[in-house]
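Participant: Attaching a single structure in structure tokens format; questions to follow.
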Amino acid sequence: MALRPADIARVKGMGFLINRGTECFSGRIVPAGSVFTAEDLSAVAELARRFGNGKIAFTSRLAAEIVGIPYEQIDEAVAFAAAHDLYFGGTGAKVRPVTACKGTTCIYGNYDTQALGRELHERYYLDWGSVSLPHKFKIAVGGCPNSCMKPSLNDFGVEGHRVPHIDLEKCRGCKVCQVEARCPVKAASLQEGKVSIDSARCKTCGVCATKCPFGAVTGSDTLYQIYVGGTWGKSTRMGTPYPRLVGREEIFPLLEKTMLWFRKNAWQKERLGAAIDRLGTDALFAALEGPELLDRKEEILAAEIQPRP
């Protein structure tokens, strides 16, 4: 069959991208919290056998892309996936699939990244699925400053930190200080026989929190560094760090306010980072600290997105 541009555009909005030089498509199955169960993967494999060419590729946002689906079988593939609690998606000028690193099980992970990713997936990828935005909006969840998931290169990035606390009364000035030995950035050292941490060098990664056998160094509860406006690709921009570390429950209103600010202020086809550079970080952070964006949520979501001048 001869595909029309309207046909290609319709299924792109459903998560199906045409394969170059063919009339077949790759469809993206989006996992909650960046995790597939064994049952999910069995269903994905059956989708590939039944509707595609038998091949599965994983995207940079951890979706399972089923390759080679003929246009006329797309609706049937969507129905089969839904019957197995799986869903295609992940394209368009809206919230993109939320990615989370393996901090849930990683020795460096400061919190359950996949649980947070799942909650963000449900609250914003799914619940905001019908909300149009000026451009794509990517969310990444990282467990520590190793930054494997690159939170600072996403429109909204979350990174887990633990601030070290020192109790000098418990420090025994060991000849081989385990905190000093294990600090990955060499911020810890013995000063006049007591452990000391250089705050200018410390990355608050949390590695030192359990290393002292006498409990002289502990870590705070997990706090989160938020990055806004990061992009990677043809235009590269490091995300702007929020001025302070935040608690877990602060993540959700900050994310929602960021998306509302983006929708209210960005031009059509303008990324968040470009809008921040145009209007200034002071304007963004002032809006994120106040209640106005949430108070005007319905008005902002109902308004037309500004055309580019």
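Here's how to read the names in the structure tokens: chain A, B, ... by the order shown, residue numbers from 1 in each chain, ligand numbers from 1 in the order shown.
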Write down as number ranges by chain the residues belonging to region 48-88 of chain A that are assigned strand (DSSP E) by DSSP computed on the backbone.
Facilitator: A: 56-58, 64-70
Participant: How about saving the chosen residues, N, CA, C and O atoms kept, as a tab-separated table (two decimals), in the first residue's frame?
Facilitator:
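Okay, part00.tsv is ready:
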chain	number	residue	atom	x	y	z
A	56	ILE	N	14.25	-6.84	18.01
A	56	ILE	CA	13.92	-5.85	19.05
A	56	ILE	C	15.17	-5.03	19.32
A	56	ILE	O	16.26	-5.59	19.50
A	57	ALA	N	15.03	-3.72	19.33
A	57	ALA	CA	16.14	-2.82	19.67
A	57	ALA	C	15.71	-1.96	20.85
A	57	ALA	O	14.53	-1.64	20.99
A	58	PHE	N	16.69	-1.61	21.70
A	58	PHE	CA	16.37	-0.77	22.84
A	58	PHE	C	16.84	0.66	22.57
A	58	PHE	O	17.96	0.88	22.13
A	64	ALA	N	11.58	-0.59	24.44
A	64	ALA	CA	11.83	-1.75	23.58
A	64	ALA	C	11.17	-1.47	22.23
A	64	ALA	O	9.95	-1.37	22.13
A	65	GLU	N	11.99	-1.34	21.21
A	65	GLU	CA	11.49	-0.97	19.89
A	65	GLU	C	11.35	-2.22	19.02
A	65	GLU	O	12.33	-2.90	18.72
A	66	ILE	N	10.12	-2.51	18.65
A	66	ILE	CA	9.81	-3.69	17.82
A	66	ILE	C	9.88	-3.27	16.36
A	66	ILE	O	9.18	-2.35	15.92
A	67	VAL	N	10.75	-3.91	15.62
A	67	VAL	CA	11.13	-3.47	14.28
A	67	VAL	C	10.30	-4.18	13.21
A	67	VAL	O	9.98	-5.36	13.34
A	68	GLY	N	9.97	-3.42	12.16
A	68	GLY	CA	9.41	-4.03	10.96
A	68	GLY	C	7.93	-4.35	11.01
A	68	GLY	O	7.49	-5.34	10.43
A	69	ILE	N	7.14	-3.52	11.67
A	69	ILE	CA	5.69	-3.74	11.74
A	69	ILE	C	5.01	-3.09	10.53
A	69	ILE	O	5.12	-1.88	10.34
A	70	PRO	N	4.30	-3.86	9.70
A	70	PRO	CA	3.58	-3.26	8.58
A	70	PRO	C	2.49	-2.30	9.07
A	70	PRO	O	1.87	-2.53	10.13
Participant: Could you give me the residues within region 20-218 of chain A that DSSP places in helix (DSSP H, G or I), as a VMD selection string?
Facilitator: chain A and resid 32 to 34 38 to 51 71 to 83 113 to 126 151 to 153 168 to 170 178 to 182 207 to 210
Participant: List the neighbours of Gly219 (chain A) out to 8 Å using only C-alpha atoms; skip same-chain residues closer than 6 positions along the sequence, and give me the result as a list of chain:residue names.
Facilitator: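 Counting only the stated atoms, we get A:Arg162, A:Val163, A:Pro164, A:His165, A:Gly206, A:Cys208, A:Ala209, A:Thr210.
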Participant: Between A:Glu270, A:Asp85, A:Glu256, A:Asp75, which has the minimum distance to Pro134 (chain A) (counting only C-alpha atoms)?
Facilitator: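 Using only C-alpha atoms, Pro134 (chain A) sits closest to A:Glu270.
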Participant: Residues near region 166-178 of chain A, anyone? I mean within 10 Å using only C-alpha atoms, not counting same-chain ones fewer than 4 positions away, as a list in words.
Facilitator: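 Answer for this query is Arg182, Cys183, Ala188, Ser189, Leu190, Gln191, Glu192, Gly193, Lys194, Val195, Ser196, Ile197, Cys208, Ala209, Thr210, Lys211, Cys212, Pro213, Phe214, Gly215, Ala216, Val217, Thr218 and Gly219 of chain A.
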Participant: Can you pull out every residue within 9 Å of Ala287 (chain A), counting only C-alpha atoms, but drop anything in the same chain fewer than 4 positions away, and send it as a list in words?
Facilitator: Lys257, Thr258, Trp261, Asp282, Ala283, Pro291, Glu292 and Leu293 of chain A
Participant: For a test of reading the model, state the distance in Å between CA of Leu153 (chain A) and CA of Ile300 (chain A), rounded to one decimal.
Facilitator: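 Going from CA of Leu153 (chain A) over to CA of Ile300 (chain A) covers 25.8 Å.
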Participant: Which residues come within 8 Å of region 31-40 of chain A, counting only C-alpha atoms, excluding same-chain residues fewer than 6 positions away, as a VMD selection string?
Facilitator: chain A and resid 62 to 63 84 86 98 to 101 113 to 119 121 to 122
